[in-house]
Every structure is written in structure tokens, then in C-alpha cells.
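A.B. asks: Here you go, structure04.cif (mmCIF, C-alpha atoms and all ligand atoms):
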data_data
loop_
_atom_site.label_atom_id
_atom_site.label_comp_id
_atom_site.auth_asym_id
_atom_site.auth_seq_id
_atom_site.Cartn_x
_atom_site.Cartn_y
_atom_site.Cartn_z
CA MET B 1 -0.50 75.52 221.07
CA ILE B 2 0.55 74.96 224.65
CA PHE B 3 -1.85 72.00 224.96
CA HIS B 4 -0.51 70.59 221.73
CA LEU B 5 3.02 70.74 223.11
CA LEU B 6 1.96 69.27 226.43
CA SER B 7 0.21 66.39 224.72
CA ARG B 8 3.29 65.71 222.60
CA LEU B 9 5.30 65.57 225.82
CA SER B 10 2.62 63.20 227.20
CA VAL B 11 1.69 65.63 229.97
CA LYS B 12 -1.88 65.00 231.01
CA VAL B 13 -4.13 68.07 231.00
CA PRO B 14 -7.44 67.65 232.88
CA SER B 15 -10.43 67.98 230.54
CA VAL B 16 -11.87 70.74 232.71
CA VAL B 17 -8.79 72.84 231.91
CA TYR B 18 -9.27 72.21 228.21
CA ARG B 19 -12.89 73.31 228.51
CA ALA B 20 -12.09 76.47 230.43
CA ALA B 21 -9.49 77.41 227.83
CA LEU B 22 -11.91 76.81 225.00
CA ILE B 23 -14.73 78.93 226.40
CA MET B 24 -14.18 82.33 224.88
CA LYS B 25 -15.43 85.66 226.10
CA PRO B 26 -18.44 86.59 223.91
CA GLN B 27 -17.57 89.04 221.14
CA VAL B 28 -20.49 91.32 220.40
CA VAL B 29 -21.49 93.56 217.52
CA PHE B 30 -24.46 95.78 218.33
CA VAL B 31 -26.66 96.27 215.26
CA LEU B 32 -28.61 99.53 215.31
CA GLY B 33 -30.67 101.68 212.97
CA GLY B 34 -34.24 102.88 212.64
CA PRO B 35 -37.25 100.57 212.42
CA GLY B 36 -37.18 98.95 208.99
CA ALA B 37 -33.61 100.03 208.23
CA GLY B 38 -32.78 96.42 207.37
CA LYS B 39 -31.08 95.19 210.55
CA GLY B 40 -32.75 91.78 210.54
CA THR B 41 -32.27 91.30 206.79
CA GLN B 42 -28.57 92.08 206.95
CA CYS B 43 -28.03 90.00 210.10
CA ALA B 44 -29.50 87.00 208.25
CA ARG B 45 -27.04 87.60 205.40
CA ILE B 46 -24.13 87.91 207.83
CA VAL B 47 -25.01 84.62 209.53
CA GLU B 48 -24.95 82.86 206.13
CA ASN B 49 -21.42 84.10 205.46
CA TYR B 50 -19.68 84.59 208.82
CA SER B 51 -19.51 82.74 212.12
CA TYR B 52 -21.92 84.97 214.00
CA THR B 53 -25.04 84.08 215.98
CA HIS B 54 -27.90 86.51 215.45
CA LEU B 55 -29.87 87.57 218.51
CA SER B 56 -32.66 90.04 217.85
CA ALA B 57 -33.80 91.73 221.07
CA GLY B 58 -37.19 92.38 219.43
CA ASP B 59 -37.59 88.70 218.48
CA LEU B 60 -36.64 87.61 222.01
CA LEU B 61 -39.21 90.02 223.46
CA ARG B 62 -41.91 88.82 221.05
CA ALA B 63 -41.13 85.20 221.99
CA GLU B 64 -41.32 86.07 225.69
CA ARG B 65 -44.63 87.86 225.06
CA SER B 66 -46.03 84.63 223.54
CA ARG B 67 -44.54 82.29 226.14
CA GLU B 68 -47.23 80.62 228.19
CA GLY B 69 -46.96 81.69 231.81
CA SER B 70 -44.78 84.71 231.12
CA GLU B 71 -45.35 87.36 233.75
CA PHE B 72 -44.25 90.04 231.27
CA GLY B 73 -46.46 89.18 228.28
CA GLN B 74 -48.93 92.04 228.71
CA LEU B 75 -46.29 94.61 229.52
CA ILE B 76 -44.18 93.68 226.49
CA ASP B 77 -47.25 93.73 224.27
CA SER B 78 -48.24 97.24 225.26
CA TYR B 79 -44.68 98.62 225.06
CA ILE B 80 -44.19 97.21 221.56
CA LYS B 81 -47.52 98.52 220.25
CA ASP B 82 -46.70 101.90 221.74
CA GLY B 83 -43.21 101.98 220.22
CA LYS B 84 -41.70 102.30 223.69
CA ILE B 85 -38.65 100.51 225.00
CA VAL B 86 -39.25 97.69 227.42
CA PRO B 87 -37.49 98.01 230.82
CA VAL B 88 -34.00 96.58 230.44
CA GLU B 89 -34.31 94.11 233.31
CA ILE B 90 -36.52 92.03 231.03
CA THR B 91 -34.49 92.41 227.84
CA ILE B 92 -31.06 91.89 229.33
CA ASN B 93 -32.11 88.63 230.98
CA LEU B 94 -33.45 87.33 227.66
CA LEU B 95 -30.22 88.33 225.90
CA ARG B 96 -27.96 86.91 228.61
CA LYS B 97 -29.86 83.62 228.63
CA ALA B 98 -29.76 83.34 224.84
CA MET B 99 -26.02 84.02 224.79
CA GLU B 100 -25.35 81.48 227.55
CA GLU B 101 -27.48 78.82 225.90
CA THR B 102 -25.77 79.35 222.55
CA MET B 103 -22.31 79.04 224.08
CA GLU B 104 -23.26 76.03 226.20
CA MET B 105 -24.48 74.22 223.09
CA ASP B 106 -21.40 75.02 221.06
CA GLU B 107 -18.36 76.72 222.58
CA LYS B 108 -17.24 77.84 219.12
CA LYS B 109 -20.28 80.13 218.97
CA PHE B 110 -19.01 83.12 220.86
CA ARG B 111 -19.56 85.83 218.22
CA PHE B 112 -22.91 87.56 218.49
CA LEU B 113 -24.85 90.11 216.48
CA ILE B 114 -27.12 91.78 218.99
CA ASP B 115 -29.79 93.34 216.82
CA GLY B 116 -31.93 96.25 218.02
CA PHE B 117 -30.16 96.80 221.34
CA PRO B 118 -29.14 99.01 223.18
CA ARG B 119 -31.95 101.36 222.20
CA ASN B 120 -31.79 103.87 225.05
CA GLU B 121 -29.88 104.96 228.16
CA ASP B 122 -31.71 102.41 230.33
CA ASN B 123 -30.69 99.60 227.92
CA LEU B 124 -27.09 100.71 227.98
CA GLN B 125 -27.02 100.89 231.77
CA GLY B 126 -28.52 97.42 232.02
CA TRP B 127 -25.93 96.05 229.61
CA THR B 128 -23.10 97.64 231.59
CA THR B 129 -24.42 96.34 234.91
CA VAL B 130 -24.96 92.77 233.76
CA MET B 131 -22.45 92.23 230.95
CA GLU B 132 -19.52 94.60 231.46
CA GLY B 133 -16.39 92.49 231.71
CA LYS B 134 -18.31 89.38 230.63
CA ALA B 135 -18.58 90.31 226.96
CA ASN B 136 -16.57 92.44 224.60
CA VAL B 137 -18.41 94.97 222.41
CA LYS B 138 -16.31 95.13 219.25
CA PHE B 139 -18.25 97.82 217.42
CA VAL B 140 -21.70 99.09 216.45
CA LEU B 141 -22.98 98.33 212.97
CA PHE B 142 -25.24 101.26 212.16
CA PHE B 143 -27.76 101.05 209.33
CA ASP B 144 -28.47 104.63 208.43
CA CYS B 145 -31.44 105.82 206.36
CA THR B 146 -34.15 108.46 206.48
CA SER B 147 -37.35 108.14 208.51
CA GLU B 148 -39.29 108.07 205.22
CA VAL B 149 -37.43 104.96 204.06
CA CYS B 150 -37.96 103.37 207.50
CA ILE B 151 -41.71 104.04 207.42
CA ASP B 152 -42.17 102.83 203.83
CA ARG B 153 -40.32 99.60 204.51
CA CYS B 154 -42.20 98.87 207.74
CA LEU B 155 -45.58 99.56 206.11
CA GLU B 156 -44.64 97.20 203.30
CA ARG B 157 -43.45 94.61 205.85
CA GLY B 158 -46.72 95.13 207.75
CA LYS B 159 -48.69 93.60 204.87
CA SER B 160 -47.38 90.17 205.84
CA SER B 161 -45.43 90.43 209.12
CA GLY B 162 -48.40 90.13 211.45
CA ARG B 163 -46.55 92.53 213.73
CA THR B 164 -48.68 94.74 215.94
CA ASP B 165 -46.33 97.67 215.44
CA ASP B 166 -45.95 97.77 211.63
CA ASN B 167 -48.78 100.29 211.24
CA ARG B 168 -48.70 104.04 210.78
CA ALA B 169 -49.77 104.95 214.34
CA SER B 170 -47.15 102.73 216.01
CA LEU B 171 -44.53 103.71 213.47
CA GLU B 172 -44.82 107.40 214.26
CA LYS B 173 -44.07 106.56 217.90
CA ARG B 174 -41.25 104.17 216.99
CA ILE B 175 -39.59 106.82 214.85
CA GLN B 176 -39.84 109.33 217.70
CA THR B 177 -38.36 106.81 220.12
CA TYR B 178 -35.57 106.09 217.67
CA LEU B 179 -34.72 109.75 217.16
CA GLN B 180 -35.02 110.76 220.80
CA SER B 181 -33.58 107.72 222.56
CA THR B 182 -31.57 105.52 220.21
CA ARG B 183 -29.70 108.09 218.14
CA PRO B 184 -28.01 109.51 221.27
CA ILE B 185 -26.73 106.01 222.09
CA ILE B 186 -25.27 105.72 218.59
CA SER B 187 -23.66 109.16 219.05
CA LEU B 188 -22.16 108.01 222.32
CA TYR B 189 -20.48 105.06 220.63
CA GLU B 190 -19.47 107.32 217.75
CA LYS B 191 -17.48 109.47 220.18
CA GLN B 192 -15.62 106.29 221.18
CA GLY B 193 -14.82 105.58 217.51
CA LYS B 194 -16.90 102.42 217.66
CA VAL B 195 -19.52 103.05 214.99
CA ARG B 196 -19.35 101.57 211.49
CA THR B 197 -22.00 103.32 209.39
CA VAL B 198 -23.67 101.77 206.37
CA ASP B 199 -25.92 103.61 203.92
CA ALA B 200 -29.02 101.46 204.43
CA SER B 201 -31.13 103.21 201.79
CA ARG B 202 -29.56 101.18 198.99
CA GLY B 203 -30.61 97.73 197.81
CA VAL B 204 -30.09 94.64 199.99
CA ASP B 205 -27.10 93.40 197.97
CA GLU B 206 -25.36 96.77 197.87
CA VAL B 207 -25.87 97.21 201.60
CA PHE B 208 -24.47 93.74 202.20
CA ASP B 209 -21.40 94.49 200.06
CA HIS B 210 -20.60 97.34 202.42
CA VAL B 211 -21.30 95.17 205.48
CA LYS B 212 -18.92 92.52 204.14
CA ALA B 213 -16.18 95.10 203.62
CA ILE B 214 -16.60 96.22 207.23
CA LEU B 215 -16.61 92.70 208.68
CA ASP B 216 -13.63 91.62 206.59
CA LYS B 217 -11.68 94.61 207.82
CA GLU B 218 -12.64 94.12 211.46
CA GLY B 219 -11.68 90.44 211.38
N1 LIG W 301 -32.00 97.35 201.49
C1 LIG W 301 -33.32 97.15 201.42
N2 LIG W 301 -34.05 97.66 200.43
C2 LIG W 301 -35.38 97.48 200.37
N3 LIG W 301 -36.09 96.77 201.29
C3 LIG W 301 -35.42 96.25 202.33
C4 LIG W 301 -34.01 96.40 202.45
N4 LIG W 301 -33.61 95.77 203.57
C5 LIG W 301 -34.71 95.25 204.14
N5 LIG W 301 -35.80 95.51 203.40
C6 LIG W 301 -37.20 95.17 203.69
O1 LIG W 301 -37.66 96.14 204.62
C7 LIG W 301 -38.38 95.56 205.69
C8 LIG W 301 -37.65 95.80 207.00
O2 LIG W 301 -36.44 95.06 207.00
P1 LIG W 301 -35.88 94.40 208.34
O3 LIG W 301 -34.62 93.70 207.98
O4 LIG W 301 -36.95 93.63 209.02
O5 LIG W 301 -35.53 95.75 209.16
P2 LIG W 301 -35.32 96.03 210.69
O6 LIG W 301 -34.92 94.75 211.37
O7 LIG W 301 -34.24 97.08 210.76
O8 LIG W 301 -36.64 96.56 211.17
C9 LIG W 301 -38.52 94.09 205.34
O9 LIG W 301 -39.76 93.89 204.70
C10 LIG W 301 -37.35 93.83 204.38
O10 LIG W 301 -37.66 92.81 203.47
O1 LIG W 302 -34.02 96.08 223.12
C1 LIG W 302 -35.18 96.20 222.70
C2 LIG W 302 -35.57 95.79 221.42
C3 LIG W 302 -36.89 95.97 221.04
N1 LIG W 302 -37.78 96.50 221.89
C4 LIG W 302 -39.19 96.65 221.50
O2 LIG W 302 -39.50 95.85 220.40
C5 LIG W 302 -39.95 96.65 219.31
C6 LIG W 302 -39.54 96.03 218.01
O3 LIG W 302 -38.14 95.88 217.97
P1 LIG W 302 -37.43 95.25 216.71
O4 LIG W 302 -35.96 95.42 216.89
O5 LIG W 302 -37.94 93.90 216.47
O6 LIG W 302 -37.95 96.21 215.56
P2 LIG W 302 -37.23 96.64 214.23
O7 LIG W 302 -36.40 97.83 214.52
O8 LIG W 302 -36.42 95.48 213.79
O9 LIG W 302 -38.33 96.95 213.27
C7 LIG W 302 -39.36 98.02 219.60
O10 LIG W 302 -40.05 99.06 218.94
C8 LIG W 302 -39.52 98.09 221.11
O11 LIG W 302 -40.86 98.35 221.47
C9 LIG W 302 -37.41 96.90 223.15
O12 LIG W 302 -38.22 97.37 223.92
N2 LIG W 302 -36.12 96.71 223.53
MG MG W 303 -35.74 93.78 213.03
#
Kindly present the structure from the file in C-alpha cells form.

C.D. replies:
Amino acid sequence: MIFHLLSRLSVKVPSVVYRAALIMKPQVVFVLGGPGAGKGTQCARIVENYSYTHLSAGDLLRAERSREGSEFGQLIDSYIKDGKIVPVEITINLLRKAMEETMEMDEKKFRFLIDGFPRNEDNLQGWTTVMEGKANVKFVLFFDCTSEVCIDRCLERGKSSGRTDDNRASLEKRIQTYLQSTRPIISLYEKQGKVRTVDASRGVDEVFDHVKAILDKEG
């Protein structure tokens, strides 16, 4: 508005000022829920309908694991197979880089769905250290379903996913990690009134209807 007025008055505004004004602080929605709850599926639906960029921490870690010359490949591989959470120094750098690259490419892309993070206390601390003040966490979108549903869906996904952790042995560990480490993080945000819970046990379309209602309300 102010630039519009200035331009009408023929006041010259340096382009660098325009750019600085256009670069928005990243707006973040953390997407959490058990393994197989449907986080990735719903994030894909959201991206089709809303102006969000989807960043899956798990996908970023898997890409880093496969990157030639990565010094963390082996470590990531063993953590994922074991259902353990990779030290945040690795994950937060991947997330930060992905956010920066997205915003550098298109300054209108400042809304992010961060899927599968923060999963434990260490993750949360890393986020606070690196991103506090630099990004705004709007709320947590929590896909809630039973461990049985999680396991069934991951085993089904395992038939074609090629993932090293979609098997019964890894899944038992992932469920334990989820219950012991991730649920307390969700509770922490709940106490701050920041959790929007979705019943994830229903069909994809029904779940998405609820997600849409939440996003439309949040603006
Ligand atoms: N609401 C749903 N009902 C049934 N199956 C689902 C639903 N949402 C996702 N799936 C399937 O379950 C598996 C896990 O979904 P995904 O989105 O990858 O979950 P997450 O990212 O939480 O692990 C996938 O095979 C997916 O197709
Ligand atoms: O912030 C993260 C996200 C994922 N992971 C690891 O990556 C695995 C798979 O995560 P993803 O989110 O892809 O699994 P999903 O919950 O979607 O099945 C997890 O079990 C962890 O071992 C991690 O260490 N830190
Ligand atoms: Mg996923």
C-alpha cells in the first residue's frame, strides 16, 4: 500500500527495499502423528489446495542418506532402520536449507508444512536454537490414530515403498519412539493451545475434509 502510494507520487523506492519488504517471515505448521498416520498423504492434498510448501523431515533425511559424499549417510541409515531419531544438528540444517532455498526461488513461498518434526526434545531444542525468531510456528496439525492403524498402514505401504523401516521389527521401535518421545512434544504444544487434532483413522477424503476446515479457519 505504502509503495503503491509512493509510486503514484513518483517517489523512487530502491529495489532492495521492495525486496526486503516482500520477504516474509516463514509461517510454519508442524505436522505430527504416528508412523503411517497419513501425514505425507494429507500434506500432498494440502499442497494441491493451499499455498503451502511441504517439507518432510524424513524425506530430507532419506535424500541426505543417498547423497553421494554425505558424511551422515551411514548414521542416518542406522537411525532410520532402528526407529530412532537422528541428532537434530543434521535435521535442522536440512530443514533450514530447504526453507531458504524455497524462499530464495520464490518469495511468495513462505508457508511451510514441516512434516514429521519435531519428534523429540532434542528436535525441539534444535528448532528453538536455530529458528526461534526466524520463523513463526502457527500451530501443530496432529493426525491421531491407534498404534494398530499405524502398523497396518505402514506394513501395507512396505509392500511397495522400498523403505527400510516399513517392516514389523522397525515398526515396533518406531511406535515406541513415537509414544515415548513424540507424544510428549505434542502434549507440550497442546498446553500452549497450539494443537489441532484430526481423527486420522478415517478415510483419506474424510480426514482431508477435517484438515480443510482447520486450515480455512486458521487462515
Ligand atoms: N486415511 C487413510 N486411510 C487409509 N490409508 C491411508 C490413509 N492415509 C494414508 N494412508 C496410507 O497409509 C500409508 C501411510 O501414509 P503416509 O501418508 O505415508 O503416512 P505418514 O507420512 O504419516 O507415515 C500409505 O500407504 C498411505 O497410502
Ligand atoms: O525429524 C525427523 C524425521 C524423521 N526421522 C527419522 O526418519 C524416520 C522416518 O520418518 P518419516 O517422517 O519419513 O516417517 P513417517 O512417520 O512418515 O512414516 C523416523 O522414524 C526417524 O528415524 C528423524 O530422525 N527425524
Ligand atoms: Mg511420512

A.B. asks: Please determine, counting only C-alpha atoms, which residue among B:Leu113, B:Leu95, B:Val149, B:Leu124 has the shortest atom-to-atom distance to Tyr50 (chain B).

C.D. replies: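 Residue with the minimum atom-to-atom distance to Tyr50 (chain B): B:Leu113.
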
A.B. asks: Return as a VMD selection string the residues of protein, DNA or RNA that approach ligand LIG 301 (chain W) to within 6 Å, with all atoms listed in the file taken into account.

C.D. replies: chain B and resid 35 to 41 153 to 154 157 200 to 204

A.B. asks: Give me the residues within 12 Å of Arg183 (chain B) as number ranges by chain, counting all atoms listed in the file and dropping any in the same chain fewer than 6 places off.

C.D. replies: B: 32-34, 117-121, 142-144, 175-177, 189-190, 195

A.B. asks: Between B:Ile214, B:Ile90, B:Ala44, B:Val29, which one has atoms that come closest to ligand MG 303 (chain W), using all atoms listed in the file?

C.D. replies: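 When distances to ligand MG 303 (chain W) are compared using all atoms listed in the file, the smallest one comes from B:Ala44.
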
A.B. asks: How many Å separate CA of Met24 (chain B) from CA of Asn123 (chain B)?

C.D. replies: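 Rounded to one decimal, the two atoms are 24.1 Å apart.
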
A.B. asks: Any idea what the distance is between CA of Arg168 (chain B) and CA of Ser56 (chain B)?

C.D. replies: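 So the answer is 22.4 Å.
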
A.B. asks: Out of B:Val207, B:Leu55, B:Val140, B:Cys150, which residue has the shortest atom-to-atom distance to Thr102 (chain B) when counting all atoms listed in the file?

C.D. replies: B:Leu55

A.B. asks: Using only C-alpha atoms and a cutoff of 9 Å, can you tell me which residues are near (-48.3, 99.7, 211.0) in the file's coordinates, and write them out as a ChimeraX atom specification?

C.D. replies: /B:151,154-159,163-171

A.B. asks: Okay, now the selection with C-alpha atoms, as a short mmCIF file (atom, residue, chain, number, x, y, z; two decimals), in the coordinates of the input?

C.D. replies:
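So result04.cif came out as:
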data_model
loop_
_atom_site.label_atom_id
_atom_site.label_comp_id
_atom_site.auth_asym_id
_atom_site.auth_seq_id
_atom_site.Cartn_x
_atom_site.Cartn_y
_atom_site.Cartn_z
CA ILE B 151 -41.71 104.04 207.42
CA CYS B 154 -42.20 98.87 207.74
CA LEU B 155 -45.58 99.56 206.11
CA GLU B 156 -44.64 97.20 203.30
CA ARG B 157 -43.45 94.61 205.85
CA GLY B 158 -46.72 95.13 207.75
CA LYS B 159 -48.69 93.60 204.87
CA ARG B 163 -46.55 92.53 213.73
CA THR B 164 -48.68 94.74 215.94
CA ASP B 165 -46.33 97.67 215.44
CA ASP B 166 -45.95 97.77 211.63
CA ASN B 167 -48.78 100.29 211.24
CA ARG B 168 -48.70 104.04 210.78
CA ALA B 169 -49.77 104.95 214.34
CA SER B 170 -47.15 102.73 216.01
CA LEU B 171 -44.53 103.71 213.47
#

A.B. asks: How many Å lie between CA of Cys145 (chain B) and CA of Lys173 (chain B), rounded to one decimal?

C.D. replies: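 Separation of CA of Cys145 (chain B) and CA of Lys173 (chain B): 17.1 Å.
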
A.B. asks: Go through B:Ser66, B:Gln42, B:Thr91, B:Thr53 one by one, measure the shortest atom-to-atom distance of each to ligand MG 303 (chain W) using all atoms listed in the file, and give the residue with the smallest value.

C.D. replies: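 Closest residue, counting all atoms listed in the file: B:Gln42.
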
A.B. asks: Got a sec to check which residues sit within 9 Å of (-26.1, 96.1, 231.0), counting only C-alpha atoms, and write them as a ChimeraX atom specification?

C.D. replies: /B:88-89,92,118,122-132

A.B. asks: For ligand LIG 302 (chain W), which residue among B:Ile80, B:Leu60, B:Val47, B:Val28 is the nearest when counting all atoms listed in the file?

C.D. replies: B:Ile80

A.B. asks: Considering all atoms listed in the file, state which residue in the set B:Asp205, B:Leu61, B:Arg67, B:Lys109 is at the smallest distance from Asn93 (chain B).

C.D. replies: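 The answer is B:Leu61, which sits nearest to Asn93 (chain B).
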